[in-house]
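The structure under discussion appears below in the form of structure tokens.
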Amino acid sequence: MVSRSKLLLVLFLLTLTFPLLFLLLKPHSDPTAGPEIDPHSTFTCDRRRYSQPWRLRQDQLTVLVNGFSESRLPLLRRIAQSYSAFPCVHSVFILWGNDSTPSELLESLDLSSLGAPIYIVQQPSRSLNDRFLPRGAVIATRSVLVCDDDVEIDSESLCFALRVWAQHGGQRLVGFFARSHGFELETGSWIYTVHPDKYSIVLTKLMIVATEYLFLYTCEAPPGVREFVDENRNCEDIAMNFLVADRTGTGPLLVRGNPRDWGDTRNSGGGRVVDAALSNREDHRKFRGGCITEFHRLWGRMPLKYSYGVVGSNVREQALCDKFGVLVPCDQEVGSNPSRP
């Protein structure tokens, strides 16, 4: 016969596990799916909340799509459904950061999954730091894909990138969009640039990062880093590159692929998707150079390390843009009446 103490223990354990089971079984279009996370709470940085890495899956990743602009919702819906069909994707979370969006609008989205479950998480604030919040037991994979809502990638390219991440120890950043830092002697400051044969930064347009670094970014980044990101609403991706390079002593890995970048200004015609991109500001590169300079000061050193085509044969822009109805590399010039294959 079961003793009363054992029965009470079982009931207590059920009260702890039921909320998580309820979360994972919610309809895909529920905008409240996901744990309530306060980035300023000590509970968020309590390691006992999180699974040990050896318990997490390495053969799949969790997709964290950052969403804010309502004009991009149709594209975001298509991208989320596309990810759900990839064999290397465990689950898809849309991290919605626009708190002025009516809940009815999010609830009306058709997010029918093609395989992996899709959830919408209403972020606790508009902070760009929130895309790196650790999410407790909800993430069941050793790595996550942090990505934007205006970039698409094919299944073969993403699953290859995951294998590259795992084969290189599962600690380095892996991405499809590379940038570089440099030092300008005339001004005595760091610059943000694109170098023809080396890189030290991969962007969160499409970035694979170990799940562990979500915790480290939120809970152990140097004082002032997250505050700087909040004040300037930019450069959270550079901060993550600093953090990982500082921990590993290595640079990121660039992989080959052909992501479709709808937010690139080199797309012909512009439009609402392009207009919504933060990187379209005229002073974008200069400002991000300032971010590198400030992070250098906050870290007390320069941890960024150069990589030299460890996976890709060269460092080039890989995104495809729509130029007069033809998908071509964004750097490729196309006339007004291009010949079609």
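Ordering of the structure tokens sets the chain letters (A, B, ...); residue numbers start at 1 within each chain; ligands are numbered from 1 in the order shown.
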Could you give me, as number ranges by chain, each residue of segment 103-218 of chain A that DSSP assigns to helix (DSSP H, G or I) when run on this structure's backbone? A: 103-107, 128-132, 136-138, 155-167, 212-218
Give me a file of those residues, with N, CA and C atoms, as a compact mmCIF listing (two decimals), in the first residue's frame.
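Below is the file part-v8.txt, written as the result:
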# COMPACT_ATOMS: atom_id res chain seq x y z
N SER A 103 -2.90 41.27 -29.25
CA SER A 103 -2.82 39.82 -29.09
C SER A 103 -3.70 39.10 -30.10
N GLU A 104 -4.80 39.76 -30.50
CA GLU A 104 -5.70 39.14 -31.49
C GLU A 104 -4.99 38.91 -32.82
N LEU A 105 -4.08 39.84 -33.17
CA LEU A 105 -3.35 39.70 -34.42
C LEU A 105 -2.44 38.48 -34.39
N LEU A 106 -1.74 38.29 -33.28
CA LEU A 106 -0.85 37.14 -33.16
C LEU A 106 -1.64 35.84 -33.09
N GLU A 107 -2.78 35.87 -32.40
CA GLU A 107 -3.60 34.67 -32.28
C GLU A 107 -4.20 34.24 -33.62
N LEU A 128 16.80 44.08 -27.10
CA LEU A 128 17.42 43.12 -28.01
C LEU A 128 18.18 42.05 -27.24
N ASN A 129 18.50 42.32 -25.98
CA ASN A 129 19.14 41.30 -25.15
C ASN A 129 18.22 40.09 -24.94
N ASP A 130 16.92 40.32 -25.05
CA ASP A 130 15.97 39.25 -24.74
C ASP A 130 16.02 38.10 -25.74
N ARG A 131 16.59 38.34 -26.91
CA ARG A 131 16.70 37.22 -27.85
C ARG A 131 17.71 36.19 -27.37
N PHE A 132 18.54 36.57 -26.39
CA PHE A 132 19.53 35.65 -25.82
C PHE A 132 19.15 35.16 -24.43
N GLY A 136 15.21 27.95 -19.77
CA GLY A 136 14.94 26.81 -18.91
C GLY A 136 14.85 25.50 -19.67
N ALA A 137 13.98 24.62 -19.18
CA ALA A 137 13.84 23.28 -19.75
C ALA A 137 13.12 23.29 -21.09
N VAL A 138 12.65 24.46 -21.55
CA VAL A 138 11.95 24.52 -22.84
C VAL A 138 12.89 24.17 -23.99
N SER A 155 17.10 23.75 -46.04
CA SER A 155 17.32 22.70 -45.05
C SER A 155 18.73 22.13 -45.14
N GLU A 156 19.21 21.87 -46.34
CA GLU A 156 20.53 21.27 -46.50
C GLU A 156 21.62 22.16 -45.92
N SER A 157 21.54 23.47 -46.18
CA SER A 157 22.56 24.40 -45.69
C SER A 157 22.55 24.48 -44.16
N LEU A 158 21.34 24.56 -43.56
CA LEU A 158 21.27 24.69 -42.11
C LEU A 158 21.74 23.41 -41.42
N CYS A 159 21.31 22.28 -41.91
CA CYS A 159 21.71 21.01 -41.28
C CYS A 159 23.21 20.77 -41.43
N PHE A 160 23.79 21.23 -42.56
CA PHE A 160 25.24 21.15 -42.72
C PHE A 160 25.94 22.04 -41.69
N ALA A 161 25.42 23.24 -41.49
CA ALA A 161 26.01 24.16 -40.51
C ALA A 161 25.97 23.57 -39.11
N LEU A 162 24.88 22.87 -38.77
CA LEU A 162 24.79 22.22 -37.46
C LEU A 162 25.87 21.15 -37.31
N ARG A 163 26.09 20.38 -38.38
CA ARG A 163 27.13 19.35 -38.31
C ARG A 163 28.52 19.98 -38.15
N VAL A 164 28.74 21.10 -38.82
CA VAL A 164 30.01 21.81 -38.67
C VAL A 164 30.19 22.26 -37.22
N TRP A 165 29.12 22.81 -36.65
CA TRP A 165 29.16 23.26 -35.25
C TRP A 165 29.55 22.10 -34.33
N ALA A 166 28.92 20.94 -34.51
CA ALA A 166 29.18 19.79 -33.65
C ALA A 166 30.60 19.24 -33.87
N GLN A 167 31.03 19.18 -35.11
CA GLN A 167 32.35 18.62 -35.42
C GLN A 167 33.50 19.48 -34.91
N GLU A 212 24.34 26.96 -23.92
CA GLU A 212 25.00 27.42 -22.70
C GLU A 212 25.31 28.91 -22.74
N TYR A 213 25.60 29.44 -23.94
CA TYR A 213 25.99 30.84 -24.04
C TYR A 213 24.81 31.79 -23.86
N LEU A 214 23.58 31.30 -23.97
CA LEU A 214 22.43 32.13 -23.64
C LEU A 214 22.47 32.48 -22.15
N PHE A 215 22.79 31.48 -21.34
CA PHE A 215 22.90 31.70 -19.90
C PHE A 215 24.08 32.63 -19.60
N LEU A 216 25.22 32.37 -20.21
CA LEU A 216 26.42 33.17 -19.92
C LEU A 216 26.23 34.62 -20.35
N TYR A 217 25.56 34.85 -21.47
CA TYR A 217 25.32 36.22 -21.93
C TYR A 217 24.42 36.96 -20.94
N THR A 218 23.36 36.31 -20.52
CA THR A 218 22.37 36.95 -19.64
C THR A 218 22.89 37.14 -18.23
Skipping near chain neighbours, those fewer than 3 positions away, what residues fall within 8 Å of Leu64 of chain A using only C-alpha atoms, listed as a PDB file with all heavy atoms, in the first residue's frame?
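part01.pdb, written as the output of this step:
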ATOM      1  N   VAL A  92      10.536  25.417 -32.994  1.00  0.00           N
ATOM      2  CA  VAL A  92      10.665  26.789 -33.496  1.00  0.00           C
ATOM      3  C   VAL A  92       9.957  27.730 -32.526  1.00  0.00           C
ATOM      4  O   VAL A  92       8.776  27.538 -32.218  1.00  0.00           O
ATOM      5  CB  VAL A  92      10.053  26.939 -34.901  1.00  0.00           C
ATOM      6  CG1 VAL A  92      10.224  28.374 -35.407  1.00  0.00           C
ATOM      7  CG2 VAL A  92      10.680  25.946 -35.875  1.00  0.00           C
ATOM      8  N   PHE A  93      10.677  28.748 -32.061  1.00  0.00           N
ATOM      9  CA  PHE A  93      10.100  29.757 -31.178  1.00  0.00           C
ATOM     10  C   PHE A  93      10.186  31.125 -31.856  1.00  0.00           C
ATOM     11  O   PHE A  93      11.277  31.565 -32.225  1.00  0.00           O
ATOM     12  CB  PHE A  93      10.830  29.811 -29.836  1.00  0.00           C
ATOM     13  CG  PHE A  93      10.539  28.649 -28.940  1.00  0.00           C
ATOM     14  CD1 PHE A  93      11.242  27.463 -29.075  1.00  0.00           C
ATOM     15  CD2 PHE A  93       9.554  28.734 -27.976  1.00  0.00           C
ATOM     16  CE1 PHE A  93      10.972  26.380 -28.265  1.00  0.00           C
ATOM     17  CE2 PHE A  93       9.275  27.653 -27.146  1.00  0.00           C
ATOM     18  CZ  PHE A  93       9.987  26.471 -27.297  1.00  0.00           C
ATOM     19  N   ILE A  94       9.052  31.757 -32.037  1.00  0.00           N
ATOM     20  CA  ILE A  94       9.016  33.133 -32.532  1.00  0.00           C
ATOM     21  C   ILE A  94       9.054  34.042 -31.312  1.00  0.00           C
ATOM     22  O   ILE A  94       8.138  34.037 -30.487  1.00  0.00           O
ATOM     23  CB  ILE A  94       7.742  33.391 -33.361  1.00  0.00           C
ATOM     24  CG1 ILE A  94       7.729  32.495 -34.604  1.00  0.00           C
ATOM     25  CG2 ILE A  94       7.656  34.860 -33.758  1.00  0.00           C
ATOM     26  CD1 ILE A  94       6.422  32.548 -35.370  1.00  0.00           C
ATOM     27  N   LEU A  95      10.125  34.807 -31.178  1.00  0.00           N
ATOM     28  CA  LEU A  95      10.302  35.690 -30.026  1.00  0.00           C
ATOM     29  C   LEU A  95       9.770  37.065 -30.411  1.00  0.00           C
ATOM     30  O   LEU A  95      10.451  37.854 -31.052  1.00  0.00           O
ATOM     31  CB  LEU A  95      11.789  35.767 -29.645  1.00  0.00           C
ATOM     32  CG  LEU A  95      12.497  34.420 -29.464  1.00  0.00           C
ATOM     33  CD1 LEU A  95      13.948  34.641 -29.070  1.00  0.00           C
ATOM     34  CD2 LEU A  95      11.775  33.548 -28.433  1.00  0.00           C
ATOM     35  N   ARG A 131      16.592  38.338 -26.913  1.00  0.00           N
ATOM     36  CA  ARG A 131      16.696  37.221 -27.851  1.00  0.00           C
ATOM     37  C   ARG A 131      17.712  36.192 -27.369  1.00  0.00           C
ATOM     38  O   ARG A 131      17.744  35.057 -27.863  1.00  0.00           O
ATOM     39  CB  ARG A 131      17.060  37.729 -29.249  1.00  0.00           C
ATOM     40  CG  ARG A 131      18.470  38.272 -29.410  1.00  0.00           C
ATOM     41  CD  ARG A 131      18.670  38.982 -30.735  1.00  0.00           C
ATOM     42  NE  ARG A 131      18.235  38.188 -31.880  1.00  0.00           N
ATOM     43  CZ  ARG A 131      18.394  38.563 -33.139  1.00  0.00           C
ATOM     44  NH1 ARG A 131      18.967  39.732 -33.423  1.00  0.00           N
ATOM     45  NH2 ARG A 131      17.989  37.800 -34.122  1.00  0.00           N
ATOM     46  N   VAL A 144      21.258  26.450 -30.471  1.00  0.00           N
ATOM     47  CA  VAL A 144      20.088  27.167 -30.983  1.00  0.00           C
ATOM     48  C   VAL A 144      20.510  27.930 -32.233  1.00  0.00           C
ATOM     49  O   VAL A 144      21.675  28.313 -32.390  1.00  0.00           O
ATOM     50  CB  VAL A 144      19.510  28.153 -29.939  1.00  0.00           C
ATOM     51  CG1 VAL A 144      19.014  27.408 -28.721  1.00  0.00           C
ATOM     52  CG2 VAL A 144      20.539  29.209 -29.544  1.00  0.00           C
ATOM     53  N   LEU A 145      19.550  28.125 -33.120  1.00  0.00           N
ATOM     54  CA  LEU A 145      19.743  29.014 -34.257  1.00  0.00           C
ATOM     55  C   LEU A 145      19.075  30.333 -33.904  1.00  0.00           C
ATOM     56  O   LEU A 145      17.856  30.402 -33.772  1.00  0.00           O
ATOM     57  CB  LEU A 145      19.121  28.440 -35.537  1.00  0.00           C
ATOM     58  CG  LEU A 145      19.154  29.397 -36.751  1.00  0.00           C
ATOM     59  CD1 LEU A 145      20.573  29.576 -37.268  1.00  0.00           C
ATOM     60  CD2 LEU A 145      18.229  28.908 -37.864  1.00  0.00           C
ATOM     61  N   VAL A 146      19.872  31.375 -33.719  1.00  0.00           N
ATOM     62  CA  VAL A 146      19.349  32.717 -33.500  1.00  0.00           C
ATOM     63  C   VAL A 146      19.265  33.381 -34.864  1.00  0.00           C
ATOM     64  O   VAL A 146      20.266  33.467 -35.580  1.00  0.00           O
ATOM     65  CB  VAL A 146      20.263  33.522 -32.556  1.00  0.00           C
ATOM     66  CG1 VAL A 146      19.711  34.917 -32.342  1.00  0.00           C
ATOM     67  CG2 VAL A 146      20.417  32.795 -31.227  1.00  0.00           C
ATOM     68  N   CYS A 147      18.074  33.834 -35.256  1.00  0.00           N
ATOM     69  CA  CYS A 147      17.925  34.340 -36.620  1.00  0.00           C
ATOM     70  C   CYS A 147      16.912  35.476 -36.690  1.00  0.00           C
ATOM     71  O   CYS A 147      16.114  35.675 -35.775  1.00  0.00           O
ATOM     72  CB  CYS A 147      17.535  33.211 -37.574  1.00  0.00           C
ATOM     73  SG  CYS A 147      16.051  32.300 -37.095  1.00  0.00           S
TER      74      CYS A 147
END
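Nearest residue to Ala116 of chain A, choosing from A:Pro303, A:Pro87, A:Pro259, A:Pro196 and counting only C-alpha atoms: A:Pro87.
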Pull the strand (DSSP E) assignments for segment 26-243 of chain A out of DSSP run on the backbone, and list those residues as number ranges by chain. A: 61-67, 89-96, 118-122, 143-148, 151-152, 174-175, 178-184, 189-193, 201-202, 206-210
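Residue nearest Gly97 of chain A, chosen from A:Val194, A:Cys321, A:Val121, A:Leu114 and counting only C-alpha atoms: A:Val121.
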Would you compute the distance between atom CA of Leu61 of chain A and atom CA of Leu243 of chain A? Give it in Å to one decimal.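 Straight-line distance from atom CA of Leu61 of chain A to atom CA of Leu243 of chain A works out to 20.5 Å.
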If you take only C-alpha atoms and a cut-off of 12 Å, which residues of segment 86-191 of chain A touch segment 287-291 of chain A, and what are their nearest atom pairs and distances in Å to one decimal, in chain and number order, as JSON lines?
{"residue": "A:Arg179", "atom": "CA", "partner": "A:Arg288", "partner_atom": "CA", "distance": 11.0}
{"residue": "A:Ser180", "atom": "CA", "partner": "A:Gly289", "partner_atom": "CA", "distance": 10.0}
{"residue": "A:His181", "atom": "CA", "partner": "A:Gly289", "partner_atom": "CA", "distance": 7.8}
{"residue": "A:Gly182", "atom": "CA", "partner": "A:Gly289", "partner_atom": "CA", "distance": 8.8}
{"residue": "A:Phe183", "atom": "CA", "partner": "A:Gly289", "partner_atom": "CA", "distance": 9.4}
{"residue": "A:Glu184", "atom": "CA", "partner": "A:Gly289", "partner_atom": "CA", "distance": 10.1}
{"residue": "A:Thr187", "atom": "CA", "partner": "A:Gly289", "partner_atom": "CA", "distance": 11.6}
{"residue": "A:Gly188", "atom": "CA", "partner": "A:Gly290", "partner_atom": "CA", "distance": 11.4}
{"residue": "A:Ser189", "atom": "CA", "partner": "A:Gly290", "partner_atom": "CA", "distance": 7.9}
{"residue": "A:Trp190", "atom": "CA", "partner": "A:Gly289", "partner_atom": "CA", "distance": 5.6}
{"residue": "A:Ile191", "atom": "CA", "partner": "A:Gly289", "partner_atom": "CA", "distance": 4.1}
All residues 9 Å or closer to Asn241 of chain A, only C-alpha atoms, same chain fewer than 3 positions away omitted, as a PyMOL selection string: chain A and resi 173+200-203+236-238+244-246+251-252+303-304
Convert the current residue selection to file output with N, CA and C atoms, as a short mmCIF file (atom, residue, chain, number, x, y, z; two decimals), in the first residue's frame.
data_model
loop_
_atom_site.label_atom_id
_atom_site.label_comp_id
_atom_site.auth_asym_id
_atom_site.auth_seq_id
_atom_site.Cartn_x
_atom_site.Cartn_y
_atom_site.Cartn_z
N LEU A 173 30.93 29.91 -32.51
CA LEU A 173 29.80 30.43 -33.26
C LEU A 173 29.92 29.98 -34.71
N SER A 200 35.85 38.01 -38.09
CA SER A 200 35.91 37.78 -36.65
C SER A 200 34.53 37.85 -36.01
N ILE A 201 33.50 38.11 -36.81
CA ILE A 201 32.14 38.28 -36.31
C ILE A 201 31.18 37.56 -37.25
N VAL A 202 30.23 36.83 -36.70
CA VAL A 202 29.11 36.33 -37.50
C VAL A 202 27.83 36.96 -36.95
N LEU A 203 26.91 37.26 -37.85
CA LEU A 203 25.73 38.03 -37.49
C LEU A 203 24.56 37.14 -37.06
N GLU A 236 23.84 43.68 -30.05
CA GLU A 236 23.79 42.49 -29.21
C GLU A 236 24.53 41.32 -29.87
N ASP A 237 24.55 41.29 -31.21
CA ASP A 237 25.26 40.22 -31.89
C ASP A 237 26.77 40.35 -31.72
N ILE A 238 27.29 41.59 -31.76
CA ILE A 238 28.71 41.81 -31.55
C ILE A 238 29.08 41.42 -30.12
N VAL A 244 31.71 34.78 -26.71
CA VAL A 244 32.13 33.44 -27.11
C VAL A 244 33.63 33.41 -27.40
N ALA A 245 34.14 34.43 -28.08
CA ALA A 245 35.58 34.48 -28.37
C ALA A 245 36.38 34.55 -27.08
N ASP A 246 35.87 35.29 -26.08
CA ASP A 246 36.56 35.41 -24.80
C ASP A 246 36.60 34.07 -24.08
N GLY A 251 37.96 32.20 -33.08
CA GLY A 251 37.01 32.97 -33.87
C GLY A 251 35.83 32.12 -34.31
N PRO A 252 34.86 32.74 -34.98
CA PRO A 252 33.68 32.00 -35.45
C PRO A 252 33.99 31.20 -36.71
N PRO A 303 38.96 40.41 -27.22
CA PRO A 303 38.92 38.95 -27.36
C PRO A 303 38.64 38.46 -28.78
N LEU A 304 38.11 39.32 -29.66
CA LEU A 304 37.75 38.86 -31.00
C LEU A 304 38.96 38.26 -31.71
#
If you count only C-alpha atoms, which residues fall within 10 Å of Ala85 of chain A, apart from same-chain ones fewer than 4 positions away, as a PDB file with all heavy atoms, in the first residue's frame?
ATOM      1  N   ALA A  80       8.841  30.478 -40.432  1.00  0.00           N
ATOM      2  CA  ALA A  80       8.675  29.571 -39.294  1.00  0.00           C
ATOM      3  C   ALA A  80       8.185  28.199 -39.757  1.00  0.00           C
ATOM      4  O   ALA A  80       8.668  27.157 -39.286  1.00  0.00           O
ATOM      5  CB  ALA A  80       7.711  30.178 -38.281  1.00  0.00           C
ATOM      6  N   GLN A  81       7.237  28.181 -40.668  1.00  0.00           N
ATOM      7  CA  GLN A  81       6.731  26.904 -41.172  1.00  0.00           C
ATOM      8  C   GLN A  81       7.799  26.147 -41.948  1.00  0.00           C
ATOM      9  O   GLN A  81       7.886  24.922 -41.876  1.00  0.00           O
ATOM     10  CB  GLN A  81       5.499  27.141 -42.041  1.00  0.00           C
ATOM     11  CG  GLN A  81       4.269  27.544 -41.247  1.00  0.00           C
ATOM     12  CD  GLN A  81       3.038  27.693 -42.120  1.00  0.00           C
ATOM     13  OE1 GLN A  81       3.117  28.133 -43.260  1.00  0.00           O
ATOM     14  NE2 GLN A  81       1.881  27.351 -41.572  1.00  0.00           N
ATOM     15  N   VAL A  89      15.734  20.346 -37.076  1.00  0.00           N
ATOM     16  CA  VAL A  89      15.090  21.324 -36.202  1.00  0.00           C
ATOM     17  C   VAL A  89      14.188  20.602 -35.201  1.00  0.00           C
ATOM     18  O   VAL A  89      13.317  19.821 -35.585  1.00  0.00           O
ATOM     19  CB  VAL A  89      14.271  22.348 -37.013  1.00  0.00           C
ATOM     20  CG1 VAL A  89      13.388  23.196 -36.096  1.00  0.00           C
ATOM     21  CG2 VAL A  89      15.218  23.251 -37.808  1.00  0.00           C
ATOM     22  N   HIS A  90      14.402  20.890 -33.924  1.00  0.00           N
ATOM     23  CA  HIS A  90      13.620  20.269 -32.852  1.00  0.00           C
ATOM     24  C   HIS A  90      12.337  21.046 -32.587  1.00  0.00           C
ATOM     25  O   HIS A  90      11.266  20.460 -32.402  1.00  0.00           O
ATOM     26  CB  HIS A  90      14.454  20.197 -31.577  1.00  0.00           C
ATOM     27  CG  HIS A  90      13.730  19.597 -30.410  1.00  0.00           C
ATOM     28  ND1 HIS A  90      12.946  20.346 -29.543  1.00  0.00           N
ATOM     29  CD2 HIS A  90      13.673  18.313 -29.961  1.00  0.00           C
ATOM     30  CE1 HIS A  90      12.446  19.553 -28.627  1.00  0.00           C
ATOM     31  NE2 HIS A  90      12.861  18.316 -28.844  1.00  0.00           N
ATOM     32  N   SER A  91      12.433  22.372 -32.550  1.00  0.00           N
ATOM     33  CA  SER A  91      11.272  23.222 -32.306  1.00  0.00           C
ATOM     34  C   SER A  91      11.593  24.635 -32.776  1.00  0.00           C
ATOM     35  O   SER A  91      12.754  25.001 -32.952  1.00  0.00           O
ATOM     36  CB  SER A  91      10.884  23.222 -30.821  1.00  0.00           C
ATOM     37  OG  SER A  91      12.000  23.552 -30.016  1.00  0.00           O
ATOM     38  N   SER A 113       2.240  23.623 -38.150  1.00  0.00           N
ATOM     39  CA  SER A 113       3.573  23.054 -38.275  1.00  0.00           C
ATOM     40  C   SER A 113       3.630  22.021 -39.393  1.00  0.00           C
ATOM     41  O   SER A 113       2.655  21.314 -39.660  1.00  0.00           O
ATOM     42  CB  SER A 113       3.985  22.406 -36.954  1.00  0.00           C
ATOM     43  OG  SER A 113       5.180  21.665 -37.130  1.00  0.00           O
ATOM     44  N   LEU A 114       4.799  21.937 -40.021  1.00  0.00           N
ATOM     45  CA  LEU A 114       5.060  20.901 -41.018  1.00  0.00           C
ATOM     46  C   LEU A 114       5.902  19.779 -40.414  1.00  0.00           C
ATOM     47  O   LEU A 114       6.370  18.912 -41.134  1.00  0.00           O
ATOM     48  CB  LEU A 114       5.772  21.503 -42.228  1.00  0.00           C
ATOM     49  CG  LEU A 114       5.016  22.615 -42.960  1.00  0.00           C
ATOM     50  CD1 LEU A 114       5.856  23.173 -44.110  1.00  0.00           C
ATOM     51  CD2 LEU A 114       3.676  22.102 -43.480  1.00  0.00           C
ATOM     52  N   GLY A 115       6.107  19.841 -39.109  1.00  0.00           N
ATOM     53  CA  GLY A 115       6.904  18.824 -38.430  1.00  0.00           C
ATOM     54  C   GLY A 115       7.190  19.225 -36.993  1.00  0.00           C
ATOM     55  O   GLY A 115       6.466  18.849 -36.077  1.00  0.00           O
ATOM     56  N   ALA A 116       8.230  20.019 -36.781  1.00  0.00           N
ATOM     57  CA  ALA A 116       8.585  20.486 -35.439  1.00  0.00           C
ATOM     58  C   ALA A 116       7.545  21.490 -34.944  1.00  0.00           C
ATOM     59  O   ALA A 116       7.003  22.265 -35.732  1.00  0.00           O
ATOM     60  CB  ALA A 116       9.973  21.127 -35.468  1.00  0.00           C
ATOM     61  N   PRO A 117       7.259  21.499 -33.650  1.00  0.00           N
ATOM     62  CA  PRO A 117       6.253  22.442 -33.120  1.00  0.00           C
ATOM     63  C   PRO A 117       6.713  23.894 -33.225  1.00  0.00           C
ATOM     64  O   PRO A 117       7.912  24.195 -33.156  1.00  0.00           O
ATOM     65  CB  PRO A 117       6.107  22.007 -31.661  1.00  0.00           C
ATOM     66  CG  PRO A 117       7.393  21.324 -31.332  1.00  0.00           C
ATOM     67  CD  PRO A 117       7.819  20.639 -32.596  1.00  0.00           C
ATOM     68  N   SER A 155      17.098  23.754 -46.037  1.00  0.00           N
ATOM     69  CA  SER A 155      17.319  22.698 -45.054  1.00  0.00           C
ATOM     70  C   SER A 155      18.731  22.133 -45.136  1.00  0.00           C
ATOM     71  O   SER A 155      19.401  21.936 -44.118  1.00  0.00           O
ATOM     72  CB  SER A 155      16.296  21.582 -45.265  1.00  0.00           C
ATOM     73  OG  SER A 155      16.560  20.486 -44.412  1.00  0.00           O
TER      74      SER A 155
END
Kindly indicate which residue among A:Leu133, A:Gly263, A:Phe324, A:Gly257 lies nearest to Met240 of chain A, using only C-alpha atoms for the distances.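 Looking at the shortest contact to Met240 of chain A, the residue is A:Leu133.
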Given the choices A:Ile292, A:Met302, A:Val174, A:Val65, which gets closest to Val229 of chain A if the distance is worked out from only C-alpha atoms? A:Ile292
Which of these residues is nearest to Thr101 of chain A, using only C-alpha atoms: A:Met207, A:Ala239, A:Leu73, A:Leu327?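 Closest to Thr101 of chain A, using only C-alpha atoms: A:Leu73.
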Would you please work out which residue, of A:Cys88, A:Cys219, A:Val326, A:Ile208, is nearest to Arg172 of chain A when using only C-alpha atoms?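 Between A:Cys88, A:Cys219, A:Val326, A:Ile208, the residue approaching Arg172 of chain A most closely is A:Ile208.
Atom pair atom CA of Val255 of chain A / atom CA of Ala210 of chain A has a distance of 16.3 Å (rounded to one decimal).
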